[in-house]
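Chemist: One file is attached below, final_37.pdb, containing PDB, C-alpha atoms.
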MODEL        1
ATOM      1  CA  MET M   1       4.819 104.924 187.595
ATOM      2  CA  GLN M   2       4.879 101.724 189.627
ATOM      3  CA  VAL M   3       1.510 100.155 190.482
ATOM      4  CA  LEU M   4       0.944  97.500 193.130
ATOM      5  CA  LEU M   5      -2.146  95.519 192.116
ATOM      6  CA  LEU M   6      -3.532  93.461 194.986
ATOM      7  CA  GLY M   7      -5.803  90.633 193.927
ATOM      8  CA  GLY M   8      -4.137  90.389 190.538
ATOM      9  CA  HIS M   9      -6.005  87.295 189.368
ATOM     10  CA  GLY M  10      -9.445  88.740 190.057
ATOM     11  CA  LYS M  11     -11.627  89.364 187.029
ATOM     12  CA  VAL M  12     -11.547  93.154 187.371
ATOM     13  CA  ALA M  13      -7.777  93.092 187.866
ATOM     14  CA  LEU M  14      -7.281  90.957 184.760
ATOM     15  CA  HIS M  15      -9.056  93.626 182.716
ATOM     16  CA  LEU M  16      -7.229  96.444 184.499
ATOM     17  CA  THR M  17      -3.680  95.133 184.128
ATOM     18  CA  PRO M  18      -3.263  95.722 180.353
ATOM     19  CA  LEU M  19      -4.841  99.177 180.663
ATOM     20  CA  LEU M  20      -2.252 100.217 183.233
ATOM     21  CA  LEU M  21       0.576  98.748 181.170
ATOM     22  CA  ALA M  22      -0.653 100.653 178.103
ATOM     23  CA  ARG M  23       0.131 103.879 179.987
ATOM     24  CA  SER M  24       3.769 102.769 180.219
ATOM     25  CA  TRP M  25       3.233 102.126 183.908
ATOM     26  CA  ASN M  26       4.942  99.176 185.551
ATOM     27  CA  VAL M  27       2.653  96.760 187.372
ATOM     28  CA  THR M  28       3.395  94.278 190.128
ATOM     29  CA  SER M  29       0.467  91.883 190.295
ATOM     30  CA  VAL M  30       0.068  90.110 193.626
ATOM     31  CA  ILE M  31      -1.422  86.620 193.448
ATOM     32  CA  ARG M  32      -1.373  83.668 195.825
ATOM     33  CA  ASN M  33      -1.575  80.756 193.377
ATOM     34  CA  ALA M  34       1.555  80.035 191.331
ATOM     35  CA  GLU M  35      -0.576  78.242 188.748
ATOM     36  CA  HIS M  36      -1.925  81.627 187.634
ATOM     37  CA  GLU M  37       1.479  83.230 187.080
ATOM     38  CA  ASN M  38       1.775  82.481 183.356
ATOM     39  CA  GLU M  39      -1.764  83.719 182.745
ATOM     40  CA  ILE M  40      -0.890  87.017 184.396
ATOM     41  CA  LEU M  41       2.447  87.401 182.605
ATOM     42  CA  ALA M  42       0.758  86.842 179.248
ATOM     43  CA  LEU M  43      -1.090  90.121 179.791
ATOM     44  CA  GLY M  44       2.217  91.950 179.546
ATOM     45  CA  GLN M  45       3.320  90.643 176.170
ATOM     46  CA  GLY M  46       4.080  93.572 173.888
ATOM     47  CA  ALA M  47       3.036  96.090 176.535
ATOM     48  CA  LYS M  48       4.693  99.465 177.041
ATOM     49  CA  GLY M  49       5.049  98.922 180.775
ATOM     50  CA  LYS M  50       6.761  96.116 182.650
ATOM     51  CA  LEU M  51       4.696  93.434 184.377
ATOM     52  CA  ASP M  52       5.914  91.436 187.364
ATOM     53  CA  VAL M  53       4.142  88.823 189.440
ATOM     54  CA  LEU M  54       4.580  88.640 193.195
ATOM     55  CA  LEU M  55       3.489  85.397 194.813
ATOM     56  CA  SER M  56       2.082  86.337 198.194
ATOM     57  CA  SER M  57      -1.091  85.386 200.021
ATOM     58  CA  LEU M  58      -3.203  88.082 201.616
ATOM     59  CA  ASP M  59      -4.151  85.451 204.181
ATOM     60  CA  ASP M  60      -0.680  86.005 205.623
ATOM     61  CA  VAL M  61      -1.162  89.756 206.087
ATOM     62  CA  LYS M  62      -1.880  89.953 209.812
ATOM     63  CA  SER M  63      -0.435  93.391 210.576
ATOM     64  CA  ASP M  64       0.582  96.724 209.094
ATOM     65  CA  ALA M  65       4.152  95.443 209.201
ATOM     66  CA  ASP M  66       3.230  92.511 206.943
ATOM     67  CA  ALA M  67       1.726  94.914 204.417
ATOM     68  CA  LYS M  68       4.720  97.230 204.697
ATOM     69  CA  LYS M  69       7.079  94.410 203.718
ATOM     70  CA  ILE M  70       5.318  94.143 200.367
ATOM     71  CA  LEU M  71       5.228  97.905 199.916
ATOM     72  CA  ASP M  72       8.932  98.153 200.711
ATOM     73  CA  ARG M  73       9.686  95.431 198.181
ATOM     74  CA  VAL M  74       7.715  97.081 195.362
ATOM     75  CA  SER M  75       7.925 100.806 196.274
ATOM     76  CA  PRO M  76       4.706 101.602 194.407
ATOM     77  CA  ASP M  77       3.475 105.038 193.467
ATOM     78  CA  TYR M  78      -0.084 103.733 193.264
ATOM     79  CA  VAL M  79      -1.797 100.894 195.119
ATOM     80  CA  VAL M  80      -4.941  99.207 193.792
ATOM     81  CA  TRP M  81      -6.975  96.955 196.069
ATOM     82  CA  SER M  82      -9.053  94.653 193.875
ATOM     83  CA  ALA M  83      -8.797  91.686 196.210
ATOM     84  CA  GLY M  84     -11.248  89.734 198.295
ATOM     85  CA  ALA M  85     -12.006  86.364 199.776
ATOM     86  CA  GLY M  86     -14.618  85.791 197.091
ATOM     87  CA  GLY M  87     -16.826  83.837 199.454
ATOM     88  CA  LYS M  88     -14.162  81.162 199.944
ATOM     89  CA  GLY M  89     -13.484  80.109 203.525
ATOM     90  CA  GLY M  90     -16.655  81.450 205.089
ATOM     91  CA  PRO M  91     -17.216  84.658 207.071
ATOM     92  CA  ASP M  92     -13.968  84.340 209.038
ATOM     93  CA  ARG M  93     -11.861  84.523 205.891
ATOM     94  CA  THR M  94     -14.037  87.288 204.473
ATOM     95  CA  PHE M  95     -13.340  89.441 207.516
ATOM     96  CA  ALA M  96      -9.652  88.456 207.430
ATOM     97  CA  ILE M  97      -9.178  89.552 203.799
ATOM     98  CA  ASP M  98     -11.864  92.097 202.903
ATOM     99  CA  GLU M  99     -11.615  93.937 206.207
ATOM    100  CA  ARG M 100      -8.421  93.333 208.163
ATOM    101  CA  ALA M 101      -5.912  92.775 205.347
ATOM    102  CA  ALA M 102      -7.401  95.711 203.453
ATOM    103  CA  LYS M 103      -7.050  97.940 206.509
ATOM    104  CA  HIS M 104      -3.465  96.827 207.046
ATOM    105  CA  PHE M 105      -2.601  97.786 203.466
ATOM    106  CA  LEU M 106      -4.427 101.078 203.808
ATOM    107  CA  SER M 107      -2.607 101.976 207.005
ATOM    108  CA  ALA M 108       0.770 100.934 205.636
ATOM    109  CA  SER M 109       0.175 102.730 202.325
ATOM    110  CA  PHE M 110      -0.818 106.013 203.937
ATOM    111  CA  ALA M 111       2.388 105.826 205.979
ATOM    112  CA  HIS M 112       4.634 104.762 203.094
ATOM    113  CA  PRO M 113       6.787 107.462 201.471
ATOM    114  CA  SER M 114       6.343 106.189 197.909
ATOM    115  CA  VAL M 115       2.540 105.901 197.759
ATOM    116  CA  THR M 116       0.599 108.849 196.325
ATOM    117  CA  LYS M 117      -2.659 107.142 195.289
ATOM    118  CA  PHE M 118      -4.772 104.300 196.642
ATOM    119  CA  LEU M 119      -7.743 102.961 194.689
ATOM    120  CA  LEU M 120     -10.046 100.616 196.577
ATOM    121  CA  VAL M 121     -12.671  98.616 194.684
ATOM    122  CA  SER M 122     -15.704  98.302 196.943
ATOM    123  CA  TRP M 123     -19.432  98.082 196.186
ATOM    124  CA  LEU M 124     -22.296 100.524 195.817
ATOM    125  CA  GLY M 125     -24.244  99.491 198.921
ATOM    126  CA  SER M 126     -21.361  99.999 201.333
ATOM    127  CA  ARG M 127     -22.727 102.854 203.422
ATOM    128  CA  ARG M 128     -24.719 103.464 206.619
ATOM    129  CA  VAL M 129     -27.123 106.216 205.586
ATOM    130  CA  GLN M 130     -29.663 106.370 202.768
ATOM    131  CA  PRO M 131     -28.290 109.002 200.381
ATOM    132  CA  SER M 132     -30.570 111.761 199.163
ATOM    133  CA  TRP M 133     -30.285 110.633 195.540
ATOM    134  CA  LEU M 134     -31.605 107.088 196.147
ATOM    135  CA  SER M 135     -35.309 106.288 196.392
ATOM    136  CA  ASN M 136     -36.698 104.297 199.306
ATOM    137  CA  ASP M 137     -37.148 101.238 197.080
ATOM    138  CA  GLU M 138     -33.584 101.356 195.772
ATOM    139  CA  TRP M 139     -32.226 101.813 199.283
ATOM    140  CA  ALA M 140     -34.324  98.926 200.590
ATOM    141  CA  ALA M 141     -32.877  96.688 197.880
ATOM    142  CA  LEU M 142     -29.330  97.591 198.887
ATOM    143  CA  GLN M 143     -30.143  97.059 202.548
ATOM    144  CA  ASN M 144     -31.474  93.611 201.733
ATOM    145  CA  VAL M 145     -28.128  92.670 200.206
ATOM    146  CA  PHE M 146     -26.226  94.269 203.074
ATOM    147  CA  CYS M 147     -28.200  92.690 205.907
ATOM    148  CA  ASP M 148     -29.538  89.418 204.498
ATOM    149  CA  VAL M 149     -27.776  88.291 201.319
ATOM    150  CA  LEU M 150     -24.090  89.146 201.927
ATOM    151  CA  PRO M 151     -23.860  90.381 205.521
ATOM    152  CA  ALA M 152     -20.250  89.364 206.238
ATOM    153  CA  TYR M 153     -18.947  90.764 202.961
ATOM    154  CA  SER M 154     -20.945  93.971 203.367
ATOM    155  CA  LYS M 155     -19.762  94.612 206.915
ATOM    156  CA  ALA M 156     -16.154  93.874 205.988
ATOM    157  CA  LYS M 157     -16.217  96.203 202.987
ATOM    158  CA  LEU M 158     -17.884  98.985 204.967
ATOM    159  CA  GLU M 159     -15.194  98.794 207.642
ATOM    160  CA  ALA M 160     -12.444  99.063 205.022
ATOM    161  CA  ASP M 161     -14.241 101.877 203.188
ATOM    162  CA  GLU M 162     -14.744 103.899 206.338
ATOM    163  CA  TYR M 163     -11.167 103.350 207.441
ATOM    164  CA  MET M 164      -9.836 104.666 204.141
ATOM    165  CA  THR M 165     -12.235 107.605 204.317
ATOM    166  CA  ALA M 166     -11.053 108.422 207.835
ATOM    167  CA  LEU M 167      -7.399 108.180 206.826
ATOM    168  CA  ALA M 168      -8.052 110.422 203.831
ATOM    169  CA  ALA M 169      -9.865 113.019 205.946
ATOM    170  CA  GLN M 170      -7.034 113.050 208.452
ATOM    171  CA  ARG M 171      -4.463 113.350 205.658
ATOM    172  CA  LYS M 172      -6.241 116.354 204.128
ATOM    173  CA  LYS M 173      -6.034 118.200 207.447
ATOM    174  CA  LEU M 174      -2.344 117.422 207.729
ATOM    175  CA  VAL M 175      -1.743 118.553 204.147
ATOM    176  CA  ALA M 176      -3.573 121.813 204.836
ATOM    177  CA  ALA M 177      -1.312 122.352 207.840
ATOM    178  CA  GLY M 178       1.779 121.642 205.773
ATOM    179  CA  ALA M 179       2.521 118.529 207.808
ATOM    180  CA  ALA M 180       2.072 115.835 205.128
ATOM    181  CA  ARG M 181       2.082 115.257 201.396
ATOM    182  CA  PRO M 182      -1.205 114.671 199.512
ATOM    183  CA  LEU M 183      -2.508 111.167 198.880
ATOM    184  CA  GLN M 184      -5.464 110.480 196.590
ATOM    185  CA  ALA M 185      -7.920 108.021 198.135
ATOM    186  CA  ILE M 186     -10.274 106.724 195.431
ATOM    187  CA  ASN M 187     -13.176 104.469 196.412
ATOM    188  CA  LEU M 188     -14.759 102.891 193.323
ATOM    189  CA  ARG M 189     -18.144 101.384 194.152
ATOM    190  CA  PRO M 190     -19.724  99.277 191.397
ATOM    191  CA  GLY M 191     -23.111  97.608 191.541
ATOM    192  CA  ALA M 192     -23.755  93.977 190.604
ATOM    193  CA  LEU M 193     -20.919  92.747 188.396
ATOM    194  CA  THR M 194     -21.311  90.944 185.078
ATOM    195  CA  ASP M 195     -18.851  89.313 182.685
ATOM    196  CA  THR M 196     -20.343  90.750 179.497
ATOM    197  CA  PRO M 197     -18.102  92.904 177.276
ATOM    198  CA  ALA M 198     -17.578  96.541 178.144
ATOM    199  CA  THR M 199     -20.097  99.082 176.917
ATOM    200  CA  ARG M 200     -17.857 102.046 177.804
ATOM    201  CA  LYS M 201     -21.029 103.863 178.866
ATOM    202  CA  VAL M 202     -21.728 104.274 182.561
ATOM    203  CA  ASP M 203     -23.560 106.044 185.355
ATOM    204  CA  LEU M 204     -20.793 107.350 187.612
ATOM    205  CA  GLY M 205     -20.777 109.405 190.791
ATOM    206  CA  LYS M 206     -24.119 109.486 192.602
ATOM    207  CA  THR M 207     -26.211 106.860 190.847
ATOM    208  CA  LYS M 208     -29.996 107.043 190.985
ATOM    209  CA  LYS M 209     -30.281 103.265 191.128
ATOM    210  CA  GLY M 210     -28.937 100.697 193.540
ATOM    211  CA  ARG M 211     -30.077  97.452 191.967
ATOM    212  CA  ASP M 212     -28.533  97.824 188.523
ATOM    213  CA  LYS M 213     -25.385  96.175 187.194
ATOM    214  CA  VAL M 214     -22.124  97.001 185.454
ATOM    215  CA  THR M 215     -19.584  94.929 183.551
ATOM    216  CA  ARG M 216     -16.288  94.069 185.190
ATOM    217  CA  GLU M 217     -14.489  95.350 182.128
ATOM    218  CA  ASP M 218     -16.186  98.745 182.486
ATOM    219  CA  VAL M 219     -15.170  98.803 186.161
ATOM    220  CA  ALA M 220     -11.567  98.305 185.069
ATOM    221  CA  ILE M 221     -11.821 101.023 182.416
ATOM    222  CA  VAL M 222     -13.214 103.510 184.931
ATOM    223  CA  ALA M 223     -10.602 102.528 187.536
ATOM    224  CA  ASP M 224      -7.810 103.108 185.031
ATOM    225  CA  GLN M 225      -9.090 106.562 184.132
ATOM    226  CA  LEU M 226      -9.720 107.609 187.726
ATOM    227  CA  LEU M 227      -6.224 106.504 188.654
ATOM    228  CA  ALA M 228      -4.658 108.417 185.777
ATOM    229  CA  ARG M 229      -5.948 111.782 187.012
ATOM    230  CA  ASP M 230      -4.637 114.002 189.781
ATOM    231  CA  ASP M 231      -8.061 115.460 190.622
ATOM    232  CA  THR M 232     -10.014 112.333 191.574
ATOM    233  CA  ASP M 233     -10.718 111.627 195.211
ATOM    234  CA  GLY M 234     -13.544 110.179 197.303
ATOM    235  CA  TRP M 235     -16.436 107.796 196.657
ATOM    236  CA  TYR M 236     -17.655 107.054 193.128
ATOM    237  CA  ASP M 237     -20.698 104.822 192.672
ATOM    238  CA  LEU M 238     -20.747 103.015 189.333
ATOM    239  CA  LEU M 239     -23.433 101.343 187.211
ATOM    240  CA  GLU M 240     -24.068 100.814 183.533
ATOM    241  CA  GLY M 241     -25.477 103.934 181.920
ATOM    242  CA  ALA M 242     -25.594 106.206 178.910
ATOM    243  CA  GLU M 243     -22.616 108.499 179.471
ATOM    244  CA  PRO M 244     -19.289 107.646 177.800
ATOM    245  CA  VAL M 245     -16.647 106.730 180.368
ATOM    246  CA  GLU M 246     -14.326 109.573 179.419
ATOM    247  CA  GLN M 247     -17.078 112.167 179.838
ATOM    248  CA  ALA M 248     -18.291 110.606 183.087
ATOM    249  CA  VAL M 249     -14.840 110.663 184.661
ATOM    250  CA  GLU M 250     -14.260 114.228 183.486
ATOM    251  CA  ARG M 251     -17.608 115.289 184.950
ATOM    252  CA  VAL M 252     -17.172 113.778 188.413
ATOM    253  CA  ALA M 253     -13.640 115.121 188.652
ATOM    254  CA  LYS M 254     -14.455 118.664 187.577
ATOM    255  CA  GLU M 255     -17.665 118.861 189.637
ATOM    256  CA  LYS M 256     -15.974 117.338 192.692
ATOM    257  CA  ILE M 257     -18.743 114.762 193.042
ATOM    258  CA  ASP M 258     -18.327 112.544 196.087
ATOM    259  CA  ALA M 259     -20.870 109.866 196.984
ATOM    260  CA  VAL M 260     -19.695 109.946 200.599
ATOM    261  CA  ASP M 261     -22.112 112.856 201.028
ATOM    262  CA  GLY M 262     -24.534 112.097 203.851
ATOM    263  CA  GLU M 263     -22.127 109.817 205.700
ATOM    264  CA  ASP M 264     -20.583 110.860 209.020
ATOM    265  CA  VAL M 265     -16.955 111.331 208.018
ATOM    266  CA  ASP M 266     -16.044 113.083 211.269
ATOM    267  CA  GLY M 267     -17.547 110.139 213.129
ATOM    268  CA  MET M 268     -15.370 107.764 211.118
ATOM    269  CA  VAL M 269     -12.260 109.736 212.026
ATOM    270  CA  LYS M 270     -13.169 109.675 215.707
ATOM    271  CA  ARG M 271     -14.120 105.995 215.696
ATOM    272  CA  PHE M 272     -10.702 105.013 214.388
ATOM    273  CA  GLY M 273      -8.945 107.313 216.837
ATOM    274  CA  LEU M 274      -7.340 109.417 214.134
ATOM    275  CA  CYS M 275      -8.337 112.892 215.258
ATOM    276  CA  HIS M 276      -7.406 115.642 217.642
ATOM    277  CA  SER M 277      -9.783 118.485 218.366
ATOM    278  CA  ASP M 278      -9.149 121.787 216.635
ATOM    279  CA  SER M 279      -8.600 123.444 220.005
ATOM    280  CA  ASP M 280      -5.988 120.857 220.932
ATOM    281  CA  SER M 281      -4.295 121.369 217.591
ATOM    282  CA  ASP M 282      -4.338 125.161 217.938
ATOM    283  CA  THR M 283      -3.036 124.967 221.483
ATOM    284  CA  ALA M 284      -0.250 122.619 220.485
ATOM    285  CA  THR M 285       0.727 124.852 217.569
ATOM    286  CA  ALA M 286       0.758 127.974 219.717
ATOM    287  CA  ALA M 287       2.691 126.300 222.518
ATOM    288  CA  ALA M 288       5.307 124.692 220.287
ATOM    289  CA  PRO M 289       7.835 127.604 220.298
ATOM    290  CA  PHE M 290       7.610 127.985 224.088
ATOM    291  CA  TYR M 291       7.984 124.241 224.581
ATOM    292  CA  SER M 292      11.070 124.188 222.365
ATOM    293  CA  LEU M 293      12.596 127.098 224.310
ATOM    294  CA  PHE M 294      11.821 125.337 227.584
ATOM    295  CA  CYS M 295      13.558 122.189 226.334
ATOM    296  CA  CYS M 296      16.622 124.229 225.382
ATOM    297  CA  PHE M 297      16.892 125.642 228.905
ATOM    298  CA  ILE M 298      16.571 122.133 230.350
ATOM    299  CA  LEU M 299      19.314 120.791 228.076
ATOM    300  CA  ILE M 300      21.636 123.703 228.906
ATOM    301  CA  ASP M 301      21.046 123.166 232.615
ATOM    302  CA  LEU M 302      21.770 119.444 232.294
ATOM    303  CA  TRP M 303      24.946 120.205 230.345
ATOM    304  CA  PHE M 304      26.226 122.557 233.085
ATOM    305  CA  GLN M 305      25.394 119.958 235.728
ATOM    306  CA  SER M 306      27.319 117.250 233.898
ATOM    307  CA  ALA M 307      30.246 119.603 233.238
ATOM    308  CA  SER M 308      30.555 120.490 236.920
ATOM    309  CA  GLN M 309      30.727 116.840 238.023
TER     310      GLN M 309
ENDMDL
END
Could I get this file's structure written as structure tokens?
Modeler:
Amino acid sequence: MQVLLLGGHGKVALHLTPLLLARSWNVTSVIRNAEHENEILALGQGAKGKLDVLLSSLDDVKSDADAKKILDRVSPDYVVWSAGAGGKGGPDRTFAIDERAAKHFLSASFAHPSVTKFLLVSWLGSRRVQPSWLSNDEWAALQNVFCDVLPAYSKAKLEADEYMTALAAQRKKLVAAGAARPLQAINLRPGALTDTPATRKVDLGKTKKGRDKVTREDVAIVADQLLARDDTDGWYDLLEGAEPVEQAVERVAKEKIDAVDGEDVDGMVKRFGLCHSDSDSDTATAAAPFYSLFCCFILIDLWFQSASQ
């Protein structure tokens, strides 16, 4: 497998890279600063998979076409978005990277023939509606971060999350109709991040808390295991906990747990202009044979007209 890792010098990505390589997967790590290249390449020493570094700034990704150029160059099976402005450059750069560049890569990836999985690292409070499993106090704490502490980051991440969710919902309908191949859209949503060593014990899926934390290394471990499965899809909230990572990932996959529950997915699809009504779809499907026959008659008529001239 070929993995495109966006934001390759981020702390989560640095933990994730050797895990992916250990699966004999090849990784192309995208970074913008050439000074970090040797640090990244050192992660691949003695690894089963091959590690490459691609010097490219996400600041330069202004369109789907810009993202497609990178996808065409790498031809990844899986794409991991672990990038972000990191608070550098103010709100304008946050929206440019965390929202717009992310959306460009999402759009280009869903359209790219090689990509079968996209894992987006987001955060636990990126949602519009208080979920049923969170108390009022926990929700209020998340809302404080969203509205007052990190408003630009929160709004940018929510836009990217909802765009991926809308694309995934649209894709599932197309797959069901036999009009597209499947694509796993995995949204990993950790709480407050720490740099302490991994515990390998987590609370994954629909977490009862919103204010708790999780180590970056554990985020990477969970991301690796979610990406390695063919039955993971949707939103997964993540905090430190008591359940071993392997069991937690197995549980959420088998039970089809999706923390998007309570959010207006249909509204997301409509907001991004990705949907057609069922009646329109049914009408188009029913009319297709007649339309094709009509076109044949038109072409035959045009051929006779040209032949008689």
Chemist: Between M:Ala156, M:Ala253, M:Leu14, M:Val269, which one has atoms that come closest to M:Lys103, using all atoms listed in the file?
Modeler: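 So, comparing all the options, the nearest one is M:Ala156.
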Chemist: Taking all atoms listed in the file into account, produce a table as CSV in which each residue of stretch 91-182 of chain M with an atom at most 10 Å from an atom of stretch 72-78 of chain M appears once, together with its shortest atom pair and the distance in Å to one decimal, ordered by chain and rising number.
Modeler:
residue,atom,partner,partner_atom,distance
M:Ala108,CA,M:Asp72,CA,9.9
M:Ser109,CA,M:Tyr78,CA,9.1
M:His112,CA,M:Asp72,CA,8.2
M:Pro113,CA,M:Ser75,CA,8.5
M:Ser114,CA,M:Asp77,CA,5.4
M:Val115,CA,M:Asp77,CA,4.5
M:Thr116,CA,M:Asp77,CA,5.6
M:Lys117,CA,M:Tyr78,CA,4.7
M:Phe118,CA,M:Tyr78,CA,5.8
M:Leu119,CA,M:Tyr78,CA,7.8
Chemist: For the atom pair atom CA of M:Asn38 and atom CA of M:Gly89, what is the interatomic distance in Å to one decimal place?
Modeler: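 Separation between atom CA of M:Asn38 and atom CA of M:Gly89: 25.4 Å.
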Chemist: Taking the file as I've supplied it (selection: the PyMOL selection byres ((chain M and resi 247) around 12)), which residues are included? Please answer as a PyMOL selection string.
Modeler: chain M and resi 200-205+222+225-226+241-246+248-255
Chemist: Selected by the PyMOL selection byres ((chain M and resi 122-133) around 10) in the shown coordinates: which residues, as a ChimeraX atom specification?
Modeler: /M:81-84,98,119-121,134-136,138-146,153-162,187-193,206-212,235-239,259-264
Chemist: Can you tell me, as JSON, the centre and edge lengths (Å, one decimal) of the axis-aligned box enclosing all of stretch 92-95 of chain M's listed atoms after padding each side by 4 Å?
Modeler:
{"center_x": -12.9, "center_y": 86.9, "center_z": 206.8, "size_x": 10.2, "size_y": 13.1, "size_z": 12.6}
Chemist: Would you compute the distance between atom CA of M:Leu4 and atom CA of M:Val79? Give it in Å to one decimal.
Modeler: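 Between atom CA of M:Leu4 and atom CA of M:Val79 the gap works out to 4.8 Å.
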Chemist: So the first atom is atom CA of M:Arg171 and the second is atom CA of M:Leu6; what is the distance between them in Å, to one decimal place?
Modeler: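 It comes out at 22.6 Å.
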Chemist: Could you tell me, as a list in words, exactly which residues end up selected when the PyMOL selection byres ((chain M and resi 12) around 8) is applied to this structure?
Modeler: Gly10, Lys11, Ala13, Leu14, His15, Leu16, Ser82, Arg216, Glu217, Val219 and Ala220 of chain M
Chemist: Please provide the set of residues having any atom within 12 Å of stretch 53-55 of chain M, restricted to all atoms listed in the file, with same-chain residues fewer than 4 positions apart removed, written as a PyMOL selection string.
Modeler: chain M and resi 3-9+17+26-44+60+70-71+73-74
Chemist: Env of M:Ala101: 9 Å cut, atoms = all atoms listed in the file, seq-sep filter 2 positions within chain, self excluded. Answer as a short mmCIF file (atom, residue, chain, number, x, y, z; two decimals) with C-alpha atoms, in the frame of the given file.
Modeler:
data_model
loop_
_atom_site.label_atom_id
_atom_site.label_comp_id
_atom_site.auth_asym_id
_atom_site.auth_seq_id
_atom_site.Cartn_x
_atom_site.Cartn_y
_atom_site.Cartn_z
CA LEU M 58 -3.20 88.08 201.62
CA ASP M 59 -4.15 85.45 204.18
CA ASP M 60 -0.68 86.00 205.62
CA VAL M 61 -1.16 89.76 206.09
CA LYS M 62 -1.88 89.95 209.81
CA SER M 63 -0.44 93.39 210.58
CA ASP M 64 0.58 96.72 209.09
CA ALA M 67 1.73 94.91 204.42
CA PHE M 95 -13.34 89.44 207.52
CA ALA M 96 -9.65 88.46 207.43
CA ILE M 97 -9.18 89.55 203.80
CA ASP M 98 -11.86 92.10 202.90
CA GLU M 99 -11.62 93.94 206.21
CA LYS M 103 -7.05 97.94 206.51
CA HIS M 104 -3.46 96.83 207.05
CA PHE M 105 -2.60 97.79 203.47
CA LEU M 106 -4.43 101.08 203.81
#
Chemist: Please supply stretch 229-240 of chain M, rebuilt with N, CA and C atoms, as a short mmCIF file (atom, residue, chain, number, x, y, z; two decimals), in the coordinates of the input.
Modeler:
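Below is the file rebuild_35.cif, written as the result:
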data_model
loop_
_atom_site.label_atom_id
_atom_site.label_comp_id
_atom_site.auth_asym_id
_atom_site.auth_seq_id
_atom_site.Cartn_x
_atom_site.Cartn_y
_atom_site.Cartn_z
N ARG M 229 -5.75 110.35 186.78
CA ARG M 229 -5.95 111.78 187.01
C ARG M 229 -5.43 112.18 188.38
N ASP M 230 -5.10 113.47 188.50
CA ASP M 230 -4.64 114.00 189.78
C ASP M 230 -5.74 114.72 190.54
N ASP M 231 -6.96 114.73 189.99
CA ASP M 231 -8.06 115.46 190.62
C ASP M 231 -9.23 114.55 190.99
N THR M 232 -8.97 113.27 191.15
CA THR M 232 -10.01 112.33 191.57
C THR M 232 -9.77 111.93 193.02
N ASP M 233 -10.86 111.89 193.78
CA ASP M 233 -10.72 111.63 195.21
C ASP M 233 -12.11 111.39 195.79
N GLY M 234 -12.26 110.40 196.66
CA GLY M 234 -13.54 110.18 197.30
C GLY M 234 -14.28 108.96 196.78
N TRP M 235 -15.59 108.93 197.00
CA TRP M 235 -16.44 107.80 196.66
C TRP M 235 -17.09 108.02 195.30
N TYR M 236 -17.02 107.01 194.44
CA TYR M 236 -17.66 107.05 193.13
C TYR M 236 -18.49 105.79 192.93
N ASP M 237 -19.82 105.94 192.98
CA ASP M 237 -20.70 104.82 192.67
C ASP M 237 -20.70 104.60 191.16
N LEU M 238 -20.89 103.34 190.76
CA LEU M 238 -20.75 103.02 189.33
C LEU M 238 -21.76 101.96 188.90
N LEU M 239 -22.50 102.27 187.85
CA LEU M 239 -23.43 101.34 187.21
C LEU M 239 -23.34 101.52 185.70
N GLU M 240 -23.97 100.60 184.96
CA GLU M 240 -24.07 100.81 183.53
C GLU M 240 -24.95 102.04 183.29
#
